[in-house]
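Novice: input_28.cif is reproduced in full below (mmCIF, C-alpha atoms and all ligand atoms).
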```cif
data_work
#
loop_
_atom_site.label_atom_id
_atom_site.label_comp_id
_atom_site.auth_asym_id
_atom_site.auth_seq_id
_atom_site.Cartn_x
_atom_site.Cartn_y
_atom_site.Cartn_z
CA MET A 264 -4.09 45.39 -4.77
CA GLU A 265 -1.56 43.44 -6.89
CA SER A 266 1.50 45.23 -5.57
CA ALA A 267 0.08 45.20 -2.01
CA PHE A 268 -0.19 41.41 -2.31
CA SER A 269 3.37 40.90 -3.55
CA ASP A 270 4.89 43.48 -1.17
CA THR A 271 3.16 41.87 1.80
CA ILE A 272 4.05 38.32 0.93
CA LEU A 273 7.68 39.21 0.17
CA ARG A 274 8.03 41.05 3.48
CA TRP A 275 6.62 38.03 5.28
CA PHE A 276 8.97 35.72 3.34
CA ASP A 277 12.02 37.79 4.32
CA ALA A 278 11.24 37.07 7.97
CA ASN A 279 9.74 33.59 7.77
CA ALA A 280 11.23 31.65 4.82
CA ARG A 281 11.74 27.96 5.56
CA VAL A 282 15.34 26.79 5.67
CA LEU A 283 15.48 23.76 3.38
CA PRO A 284 18.50 21.84 2.07
CA TRP A 285 17.65 22.62 -1.56
CA ARG A 286 17.49 26.33 -0.82
CA LEU A 287 21.16 26.84 -0.05
CA PRO A 288 22.56 30.04 -1.58
CA VAL A 289 24.84 29.51 -4.56
CA PRO A 290 28.37 30.70 -3.68
CA ARG A 291 29.32 33.82 -5.64
CA ASN A 292 32.03 32.16 -7.74
CA ASP A 293 29.72 29.30 -8.69
CA ARG A 294 27.00 31.81 -9.55
CA LEU A 295 29.30 33.68 -11.88
CA SER A 296 30.45 30.52 -13.65
CA PHE A 297 26.86 29.22 -13.89
CA ASP A 298 25.83 32.54 -15.32
CA ARG A 299 28.62 32.50 -17.90
CA ALA A 300 27.82 28.91 -18.91
CA VAL A 301 24.10 29.61 -19.32
CA ARG A 302 24.76 32.73 -21.39
CA ALA A 303 27.26 30.90 -23.58
CA ARG A 304 24.89 27.98 -24.16
CA PHE A 305 21.73 30.08 -24.76
CA PRO A 306 23.06 33.41 -26.15
CA ASP A 307 19.94 34.32 -28.16
CA PHE A 308 17.61 33.83 -25.23
CA THR A 309 19.73 35.44 -22.54
CA LYS A 310 20.44 38.61 -24.54
CA ASP A 311 16.69 39.40 -24.52
CA HIS A 312 15.72 37.86 -21.18
CA PRO A 313 17.61 38.93 -18.10
CA ILE A 314 18.28 35.86 -15.98
CA SER A 315 19.82 35.75 -12.58
CA ILE A 316 21.19 32.57 -11.00
CA ARG A 317 19.23 32.37 -7.77
CA ARG A 318 19.62 28.68 -6.89
CA ASP A 319 21.53 25.78 -8.41
CA PRO A 320 19.09 24.55 -11.11
CA TYR A 321 20.06 20.89 -10.51
CA THR A 322 19.08 21.09 -6.83
CA VAL A 323 15.79 22.70 -7.84
CA VAL A 324 15.03 19.90 -10.29
CA VAL A 325 15.93 17.07 -7.88
CA SER A 326 13.92 18.57 -5.03
CA GLU A 327 10.92 19.37 -7.22
CA PHE A 328 10.77 15.84 -8.62
CA MET A 329 10.93 14.48 -5.06
CA LEU A 330 8.34 16.90 -3.71
CA GLN A 331 5.67 15.88 -6.20
CA GLN A 332 3.12 13.96 -4.08
CA THR A 333 5.46 13.86 -1.04
CA GLN A 334 5.71 16.02 2.09
CA VAL A 335 8.78 18.18 2.70
CA THR A 336 9.74 16.39 5.93
CA ALA A 337 9.64 12.99 4.20
CA VAL A 338 11.72 14.29 1.28
CA ILE A 339 14.60 15.88 3.24
CA PRO A 340 16.55 12.69 4.17
CA TYR A 341 16.04 11.23 0.68
CA TYR A 342 17.16 14.47 -0.93
CA GLU A 343 20.31 14.59 1.19
CA ARG A 344 21.18 10.96 0.43
CA PHE A 345 20.42 11.42 -3.26
CA MET A 346 22.60 14.52 -3.56
CA ALA A 347 25.46 12.78 -1.74
CA ARG A 348 25.16 9.89 -4.22
CA PHE A 349 24.60 12.03 -7.37
CA PRO A 350 25.99 15.50 -6.54
CA THR A 351 25.89 16.83 -10.11
CA MET A 352 23.78 16.50 -13.22
CA ASN A 353 26.60 14.56 -14.87
CA ASP A 354 26.75 12.07 -11.98
CA LEU A 355 23.05 11.47 -12.43
CA ALA A 356 23.24 11.26 -16.22
CA SER A 357 25.99 8.65 -16.17
CA ALA A 358 24.35 6.46 -13.48
CA LEU A 359 22.54 3.18 -14.10
CA GLN A 360 18.77 3.37 -13.76
CA THR A 361 18.89 0.62 -11.11
CA ASP A 362 21.21 2.79 -8.97
CA VAL A 363 18.91 5.80 -9.32
CA LEU A 364 15.90 3.68 -8.34
CA LYS A 365 17.87 2.29 -5.41
CA ALA A 366 18.60 5.81 -4.15
CA TRP A 367 14.89 6.55 -4.50
CA GLU A 368 13.78 3.38 -2.71
CA GLY A 369 11.12 4.11 -0.09
CA LEU A 370 10.14 7.51 -1.49
CA GLY A 371 7.48 5.96 -3.75
CA TYR A 372 6.07 7.11 -7.10
CA TYR A 373 9.11 5.66 -8.89
CA ARG A 374 8.04 7.11 -12.21
CA ARG A 375 9.54 10.36 -10.91
CA ALA A 376 12.94 8.69 -10.46
CA ARG A 377 12.88 7.26 -13.98
CA PHE A 378 11.86 10.66 -15.38
CA LEU A 379 14.56 12.42 -13.36
CA HIS A 380 17.18 10.03 -14.69
CA ALA A 381 15.92 10.46 -18.27
CA PHE A 382 15.86 14.24 -17.71
CA GLY A 383 19.50 14.18 -16.57
CA MET A 384 20.58 12.14 -19.58
CA ARG A 385 18.82 14.47 -22.03
CA VAL A 386 20.18 17.65 -20.42
CA SER A 387 23.63 16.13 -20.45
CA SER A 388 23.47 15.01 -24.10
CA ASP A 389 21.43 17.87 -25.63
CA TYR A 390 22.42 20.86 -23.50
CA ASP A 391 25.94 20.07 -22.25
CA GLY A 392 24.52 19.52 -18.77
CA ILE A 393 22.99 23.01 -18.52
CA ILE A 394 19.30 23.06 -17.64
CA PRO A 395 17.65 25.32 -20.22
CA PRO A 396 16.24 28.63 -18.93
CA LEU A 397 13.55 28.50 -21.67
CA LYS A 398 10.07 27.23 -20.89
CA LYS A 399 9.46 25.61 -24.29
CA GLU A 400 12.70 23.63 -24.21
CA LEU A 401 12.29 22.70 -20.56
CA MET A 402 8.80 21.37 -21.13
CA ALA A 403 10.02 19.11 -23.92
CA LEU A 404 12.22 17.27 -21.39
CA PRO A 405 11.12 14.12 -19.54
CA GLY A 406 8.97 14.65 -16.45
CA ILE A 407 8.63 18.44 -16.82
CA GLY A 408 5.14 19.90 -16.76
CA GLU A 409 3.89 23.47 -16.29
CA TYR A 410 4.50 23.45 -12.55
CA THR A 411 8.07 22.11 -12.59
CA ALA A 412 8.99 24.36 -15.50
CA GLY A 413 7.70 27.37 -13.52
CA ALA A 414 9.60 26.21 -10.42
CA VAL A 415 12.90 25.81 -12.30
CA LEU A 416 12.56 29.11 -14.17
CA SER A 417 11.60 31.13 -11.11
CA PHE A 418 13.51 29.39 -8.29
CA ALA A 419 16.72 28.84 -10.25
CA TYR A 420 16.74 31.63 -12.86
CA ASP A 421 14.44 34.17 -11.15
CA GLN A 422 12.22 34.48 -14.21
CA PRO A 423 8.64 35.73 -13.74
CA GLU A 424 6.91 32.36 -14.30
CA PRO A 425 4.11 31.08 -12.07
CA ALA A 426 4.65 27.74 -10.29
CA VAL A 427 1.12 26.75 -9.35
CA ASP A 428 0.27 23.57 -7.51
CA GLY A 429 -2.59 22.61 -5.20
CA ASN A 430 -1.21 24.77 -2.37
CA ILE A 431 -1.27 27.90 -4.48
CA VAL A 432 -4.76 27.10 -5.79
CA ARG A 433 -5.89 26.87 -2.16
CA ILE A 434 -4.39 30.25 -1.20
CA VAL A 435 -5.78 32.04 -4.25
CA SER A 436 -9.18 30.37 -3.93
CA ARG A 437 -9.43 31.67 -0.35
CA PHE A 438 -7.81 35.03 -1.04
CA ASP A 439 -10.27 35.82 -3.86
CA ALA A 440 -13.14 33.73 -2.41
CA VAL A 441 -13.45 31.95 -5.75
CA PRO A 442 -14.61 28.32 -5.52
CA HIS A 443 -11.80 26.68 -7.47
CA VAL A 444 -12.09 22.90 -7.51
CA ARG A 445 -9.12 21.18 -5.86
CA GLY A 446 -7.01 19.27 -8.37
CA SER A 447 -8.90 20.48 -11.45
CA ALA A 448 -7.01 21.49 -14.58
CA LYS A 449 -9.30 24.49 -15.01
CA ALA A 450 -8.46 25.76 -11.52
CA LEU A 451 -4.72 25.44 -12.27
CA ARG A 452 -5.10 27.39 -15.52
CA THR A 453 -7.16 30.15 -13.91
CA VAL A 454 -4.88 30.48 -10.89
CA ARG A 455 -1.79 30.60 -13.11
CA LYS A 456 -3.24 33.67 -14.83
CA ARG A 457 -4.11 35.22 -11.47
CA ILE A 458 -0.59 34.62 -10.16
CA CYS A 459 0.82 36.38 -13.23
CA GLU A 460 -1.23 39.43 -12.20
CA LEU A 461 -0.09 39.26 -8.59
CA MET A 462 3.60 38.60 -9.27
CA PRO A 463 6.04 41.49 -8.69
CA THR A 464 7.06 43.17 -11.92
CA ASP A 465 10.47 44.34 -10.78
CA GLY A 466 12.23 41.07 -9.87
CA ARG A 467 12.06 38.59 -6.99
CA ALA A 468 9.82 36.16 -8.90
CA GLY A 469 11.63 33.23 -7.25
CA ASP A 470 11.12 34.69 -3.76
CA PHE A 471 7.48 35.38 -4.56
CA ASN A 472 6.79 31.78 -5.64
CA GLU A 473 8.69 30.32 -2.70
CA ALA A 474 6.84 32.69 -0.36
CA LEU A 475 3.51 31.30 -1.59
CA MET A 476 4.78 27.74 -1.11
CA ASP A 477 5.79 28.55 2.46
CA LEU A 478 2.55 30.34 3.23
CA GLY A 479 0.60 27.31 1.96
CA ALA A 480 2.73 24.96 4.07
CA MET A 481 2.83 26.97 7.29
CA VAL A 482 -0.15 29.34 7.44
CA CYS A 483 -2.83 28.84 4.80
CA THR A 484 -2.86 25.08 5.38
CA PRO A 485 -5.56 22.74 4.06
CA SER A 486 -7.22 22.34 7.45
CA SER A 487 -7.07 24.79 10.38
CA PRO A 488 -5.41 27.69 8.52
CA GLN A 489 -3.67 30.14 10.86
CA CYS A 490 -5.55 33.22 9.66
CA GLU A 491 -4.70 35.17 12.81
CA HIS A 492 -0.98 34.95 11.86
CA CYS A 493 -1.48 35.43 8.11
CA PRO A 494 0.11 38.43 6.42
CA LEU A 495 -2.70 38.46 3.83
CA GLN A 496 -5.53 38.52 6.36
CA GLN A 497 -6.50 42.16 5.75
CA MET A 498 -6.96 41.51 2.03
CA CYS A 499 -8.39 37.97 2.17
CA GLN A 500 -11.95 37.74 0.85
CA ALA A 501 -12.75 34.34 2.39
CA TYR A 502 -11.56 35.56 5.79
CA ALA A 503 -13.65 38.73 5.48
CA ALA A 504 -16.72 36.62 4.68
CA ASP A 505 -15.93 34.20 7.53
CA ALA A 506 -16.05 31.46 4.88
CA VAL A 507 -12.48 30.13 4.77
CA GLY A 508 -13.70 26.52 5.08
CA ARG A 509 -15.70 26.83 1.85
CA PHE A 510 -12.59 27.34 -0.34
CA PRO A 511 -11.34 25.58 -2.38
CA VAL A 512 -14.10 23.15 -3.31
CA ARG A 513 -13.67 19.39 -2.91
CA PRO A 514 -13.77 17.34 -6.11
CA GLY A 515 -16.19 14.42 -6.30
CA ALA A 516 -14.94 11.32 -4.50
CA GLU A 517 -12.40 9.64 -6.70
CA ASP A 518 -12.87 5.93 -7.19
CA LYS A 519 -9.52 4.27 -7.67
CA PRO A 520 -9.61 0.71 -8.98
CA VAL A 521 -8.42 -1.89 -6.45
CA THR A 522 -6.28 -4.82 -7.58
CA SER A 523 -5.88 -7.76 -5.18
CA PHE A 524 -3.19 -10.40 -5.68
CA SER A 525 -0.55 -12.43 -3.86
CA TYR A 526 3.22 -12.13 -3.68
CA VAL A 527 5.27 -15.18 -2.84
CA LEU A 528 8.66 -14.83 -1.22
CA LEU A 529 9.94 -17.99 -2.93
CA HIS A 530 13.29 -19.17 -1.62
CA VAL A 531 15.63 -22.09 -1.63
CA HIS A 532 18.93 -22.49 0.27
CA GLY A 533 19.00 -18.75 1.12
CA SER A 534 18.33 -17.54 -2.45
CA VAL A 535 15.17 -15.66 -3.35
CA TYR A 536 13.36 -15.46 -6.69
CA VAL A 537 12.98 -11.87 -7.99
CA GLN A 538 11.86 -10.33 -11.24
CA ARG A 539 11.69 -6.80 -12.61
CA ARG A 540 8.41 -4.99 -12.99
CA PRO A 541 7.53 -4.34 -16.63
CA LYS A 542 6.45 -1.04 -18.18
CA GLY A 543 3.83 0.84 -16.18
CA LEU A 544 3.36 1.22 -12.43
CA LEU A 545 6.66 0.82 -10.48
CA GLU A 546 8.48 0.04 -13.72
CA GLY A 547 12.04 -1.18 -13.25
CA LEU A 548 11.69 -2.05 -9.53
CA PHE A 549 12.19 -5.62 -8.35
CA GLU A 550 9.43 -7.77 -6.91
CA PHE A 551 8.85 -11.32 -5.72
CA PHE A 552 7.09 -14.14 -7.54
CA SER A 553 3.41 -13.27 -7.86
CA LEU A 554 0.05 -14.98 -8.27
CA PRO A 555 -2.90 -13.12 -9.79
CA GLU A 556 -5.32 -14.33 -7.09
CA PRO A 557 -5.51 -12.88 -3.55
CA PHE A 558 -5.12 -15.69 -1.00
CA GLY A 559 -5.83 -14.93 2.64
CA PRO A 560 -4.53 -16.97 5.59
CA ASP A 561 -7.73 -19.05 5.57
CA ASN A 562 -6.90 -20.67 2.24
CA PRO A 563 -3.43 -22.29 2.32
CA ALA A 564 -4.64 -25.21 0.17
CA GLY A 565 -5.88 -22.87 -2.58
CA PHE A 566 -2.64 -20.91 -2.37
CA ARG A 567 -0.48 -24.05 -2.65
CA GLU A 568 -2.50 -25.37 -5.59
CA SER A 569 -2.20 -22.06 -7.48
CA LEU A 570 1.51 -21.73 -6.66
CA CYS A 571 2.27 -25.26 -7.92
CA ARG A 572 0.29 -24.59 -11.10
CA HIS A 573 2.19 -21.36 -11.83
CA LEU A 574 5.54 -22.95 -10.98
CA ARG A 575 4.84 -25.89 -13.32
CA ARG A 576 4.12 -23.42 -16.12
CA ARG A 577 7.65 -22.15 -15.60
CA GLY A 578 9.05 -25.68 -15.65
CA VAL A 579 9.50 -25.91 -11.86
CA TYR A 580 8.22 -29.23 -10.52
CA ASP A 581 9.75 -28.92 -7.05
CA ALA A 582 6.42 -28.19 -5.34
CA PRO A 583 6.88 -26.69 -1.89
CA GLU A 584 5.70 -28.88 0.99
CA SER A 585 2.77 -27.56 3.00
CA ALA A 586 5.14 -27.23 5.94
CA GLY A 587 7.32 -24.87 3.92
CA ILE A 588 4.46 -22.49 3.23
CA ARG A 589 3.21 -19.73 5.50
CA PHE A 590 1.07 -16.64 5.24
CA ILE A 591 2.97 -13.51 6.27
CA ASP A 592 0.70 -10.49 6.09
CA LYS A 593 -1.64 -8.35 4.06
CA ARG A 594 -1.01 -4.73 3.10
CA ARG A 595 -2.70 -1.99 1.14
CA ALA A 596 -0.64 0.28 -1.14
CA VAL A 597 -2.30 3.42 -2.46
CA TYR A 598 -0.89 4.84 -5.69
CA SER A 599 -1.96 7.88 -7.67
CA HIS A 600 -4.42 6.01 -9.88
CA ARG A 601 -4.99 2.65 -8.23
CA ILE A 602 -4.87 0.69 -5.03
CA TRP A 603 -3.17 -2.65 -4.42
CA ASP A 604 -4.35 -5.11 -1.80
CA VAL A 605 -1.35 -7.38 -1.45
CA PHE A 606 -1.25 -10.75 0.32
CA LEU A 607 2.26 -11.96 1.06
CA TRP A 608 3.22 -15.60 1.48
CA GLU A 609 6.52 -17.34 1.99
CA ALA A 610 7.28 -20.65 0.28
CA GLU A 611 10.46 -22.69 0.52
CA LEU A 612 11.44 -25.06 -2.27
CA SER A 613 13.25 -28.12 -1.09
CA SER A 614 15.77 -29.09 -3.75
CA VAL A 615 18.03 -27.16 -6.10
CA ILE A 616 17.61 -23.61 -7.40
CA PRO A 617 15.49 -23.89 -10.56
CA ALA A 618 16.92 -22.56 -13.80
CA VAL A 619 15.58 -19.28 -15.19
CA ARG A 620 14.16 -20.03 -18.64
CA ASP A 621 13.32 -18.13 -21.82
CA GLY A 622 9.85 -16.70 -21.38
CA ASP A 623 10.32 -15.91 -17.68
CA PRO A 624 9.63 -12.25 -16.83
CA GLU A 625 12.33 -9.65 -17.46
CA GLY A 626 15.10 -9.63 -14.89
CA ALA A 627 13.98 -12.95 -13.39
CA CYS A 628 16.79 -14.38 -11.29
CA TRP A 629 17.68 -15.93 -7.95
CA VAL A 630 19.45 -13.59 -5.56
CA ARG A 631 21.23 -14.41 -2.29
CA ALA A 632 19.21 -13.00 0.62
CA GLU A 633 22.05 -10.72 1.74
CA LYS A 634 22.21 -9.20 -1.78
CA LEU A 635 18.50 -8.29 -1.84
CA HIS A 636 19.39 -4.99 -0.15
CA ASP A 637 21.16 -3.89 -3.34
CA LEU A 638 17.97 -4.01 -5.41
CA PRO A 639 15.22 -1.37 -5.43
CA PHE A 640 11.84 -2.75 -4.30
CA PRO A 641 8.41 -1.08 -4.04
CA SER A 642 7.79 0.33 -0.55
CA VAL A 643 5.04 -2.19 0.11
CA LEU A 644 7.59 -5.04 -0.14
CA VAL A 645 10.51 -3.42 1.68
CA PRO A 646 9.53 -4.39 5.28
CA TRP A 647 8.96 -8.01 4.22
CA ARG A 648 12.19 -8.11 2.27
CA ASP A 649 14.18 -6.64 5.17
CA ALA A 650 12.60 -8.98 7.75
CA PHE A 651 13.50 -11.96 5.57
CA ILE A 652 17.10 -10.75 5.15
CA SER A 653 17.54 -10.28 8.93
CA ARG A 654 16.00 -13.67 9.65
CA THR A 655 18.19 -15.45 7.09
CA ILE A 656 21.37 -13.73 8.21
CA SER A 657 20.72 -14.37 11.92
CA LYS A 658 20.01 -18.06 11.11
CA CYS A 659 23.43 -18.27 9.41
CA LEU A 660 25.12 -16.77 12.48
CA VAL A 661 23.63 -19.32 14.92
S1 LIG B 1 -6.39 34.91 5.89
FE1 LIG B 1 -6.59 32.73 6.24
S2 LIG B 1 -7.63 31.95 4.43
FE2 LIG B 1 -6.90 33.98 3.92
S3 LIG B 1 -4.95 33.64 2.91
FE3 LIG B 1 -4.55 33.96 5.09
S4 LIG B 1 -4.53 31.93 6.05
FE4 LIG B 1 -5.46 31.73 4.02
#
```
Just give me the structure as structure tokens.
Ligand code: SF4

Specialist:
Amino acid sequence: MESAFSDTILRWFDANARVLPWRLPVPRNDRLSFDRAVRARFPDFTKDHPISIRRDPYTVVVSEFMLQQTQVTAVIPYYERFMARFPTMNDLASALQTDVLKAWEGLGYYRRARFLHAFGMRVSSDYDGIIPPLKKELMALPGIGEYTAGAVLSFAYDQPEPAVDGNIVRIVSRFDAVPHVRGSAKALRTVRKRICELMPTDGRAGDFNEALMDLGAMVCTPSSPQCEHCPLQQMCQAYAADAVGRFPVRPGAEDKPVTSFSYVLLHVHGSVYVQRRPKGLLEGLFEFFSLPEPFGPDNPAGFRESLCRHLRRRGVYDAPESAGIRFIDKRRAVYSHRIWDVFLWEAELSSVIPAVRDGDPEGACWVRAEKLHDLPFPSVLVPWRDAFISRTISKCLV
């Protein structure tokens, strides 16, 4: 059964593999020099473990960081822009974090960008820029868990390591008709072991893992799987039992905490107040002035009172006039562990740009509207930021 599984899936992959920008073949000369560099840097490991350079390990790492929580089609343009901006590990390692976040802007889950940058710096300083082909060393690097380690080792170095994510759990759950729970750590552990049994023993581990990824994306999809076109149909237990919809099992509804608050696009004479987000969610990105309370459009008086109070605390006594205040919009942003309900207001101060003082949040400063584009912002703020920039610039042109 095991070899029938791997033979079938590899045959299907040979005819149906997705063409993706991070799957470009490594030119022969580059492959040879990669191979030499890896062997020279890790001689003890490579003398006992045959490795074969299958893909450029840097492209595997960048794409895998981007693909966590994000669909392939959404990732492609970001990946291409990112690789044009940081074509090598050394370009990434020597970049400023702000520039890396800027290149990531709009893709979301910015923790991945910070980890990727930290990963690049560590690989550059500790391993001369060569991504280690060893699981233990890889997993000690920033942002690398079991899945990404398996992806790098198998996709880049063709080592027989499983790379199991939710897609693979779904395929195996259906194939074996075992009710694995979606997203559970136990399911990942069990399926990893099962994949080790199913993996080919005579090479092509990278093809095998990529084949499963492609099958999960194109055929054994979460809803409406295309069983009639599936190469595994004859061996699939859930299909045989006419019970595909029962696998895998849904986890209990997850209750994410919801935080509601207000952002204020505070501006004066074409300059906008921004500050950097502290440690935690969206760390290092820029944001507008904020108030802890959510103010809807029905409460401009409450909004103005709270804004004046918070401005006074920062030593700003230039209270915006009611006429200079307007409600813009409300948006919901869903993150991995919480939800934000954000109310956005615009408020124009009338006199001079207030000084930034000690005790203001990190990175607090006033930025000309046309320079806001240079700073990375959370996706939820980007449309508002861009609308403000266009409006300000078109006003200047009139
Ligand atoms: S037969 Fe259907 S359920 Fe089974 S592996 Fe193929 S697509 Fe998935």

Novice: Restricting the calculation to all atoms listed in the file, which member of A:Lys542, A:Arg304, A:Arg294, A:Arg445 is positioned closest to Gly392 in chain A?

Specialist: A:Arg304

Novice: Can I get the residues close to ligand LIG 1 (chain B) as a list in words, where close means within 8 Å and we count only C-alpha atoms and all ligand atoms?

Specialist: Arg433, Ile434, Val435, Arg437, Phe438, Leu478, Gly479, Val482, Cys483, Thr484, Pro488, Gln489, Cys490, Glu491, His492, Cys493, Pro494, Leu495, Gln496, Gln497, Met498, Cys499, Gln500, Ala501, Tyr502 and Val507 of chain A

Novice: Using the selection just defined, write its residues with C-alpha atoms as a CSV table (one decimal), in the coordinates of the input.

Specialist:
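For reference, again_16.csv as written:
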```csv
chain,number,residue,atom,x,y,z
A,433,ARG,CA,-5.9,26.9,-2.2
A,434,ILE,CA,-4.4,30.2,-1.2
A,435,VAL,CA,-5.8,32.0,-4.2
A,437,ARG,CA,-9.4,31.7,-0.4
A,438,PHE,CA,-7.8,35.0,-1.0
A,478,LEU,CA,2.6,30.3,3.2
A,479,GLY,CA,0.6,27.3,2.0
A,482,VAL,CA,-0.2,29.3,7.4
A,483,CYS,CA,-2.8,28.8,4.8
A,484,THR,CA,-2.9,25.1,5.4
A,488,PRO,CA,-5.4,27.7,8.5
A,489,GLN,CA,-3.7,30.1,10.9
A,490,CYS,CA,-5.6,33.2,9.7
A,491,GLU,CA,-4.7,35.2,12.8
A,492,HIS,CA,-1.0,35.0,11.9
A,493,CYS,CA,-1.5,35.4,8.1
A,494,PRO,CA,0.1,38.4,6.4
A,495,LEU,CA,-2.7,38.5,3.8
A,496,GLN,CA,-5.5,38.5,6.4
A,497,GLN,CA,-6.5,42.2,5.8
A,498,MET,CA,-7.0,41.5,2.0
A,499,CYS,CA,-8.4,38.0,2.2
A,500,GLN,CA,-12.0,37.7,0.8
A,501,ALA,CA,-12.8,34.3,2.4
A,502,TYR,CA,-11.6,35.6,5.8
A,507,VAL,CA,-12.5,30.1,4.8
```

Novice: Starting from the point (-4.4, -0.2, -1.9), work out which residues of protein, DNA or RNA have an atom no more than 10 Å away when counting only C-alpha atoms; state them as a VMD selection string.

Specialist: chain A and resid 519 to 523 594 to 598 601 to 605 643

Novice: Of the candidates A:Ala419, A:Pro395, A:Glu343, A:Val335, which one gets nearest to Asp319 in chain A if we count all atoms listed in the file?

Specialist: A:Ala419

Novice: Produce a table with one row for each residue of range 606-644 of chain A that has an atom at most 9 Å from any atom of range 651-656 of chain A, each row naming the nearest atom pair and its distance in Å at one decimal; use all atoms listed in the file; arrange rows by chain and rising residue number; format as CSV.

Specialist:
```
residue,atom,partner,partner_atom,distance
A:Ala632,CA,A:Ile652,CA,5.5
A:Glu633,CA,A:Ile652,CA,6.0
A:Lys634,CA,A:Ile652,CA,8.7
A:Leu635,CA,A:Ile652,CA,7.5
A:His636,CA,A:Ile652,CA,8.2
```

Novice: Give the answer as one residue: which of A:Glu409, A:Glu568, A:Asp270, A:Glu368 has the shortest atom-to-atom distance to Ala582 in chain A, using only C-alpha atoms?

Specialist: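 Ranking A:Glu409, A:Glu568, A:Asp270, A:Glu368 by distance to Ala582 in chain A, first place goes to A:Glu568.
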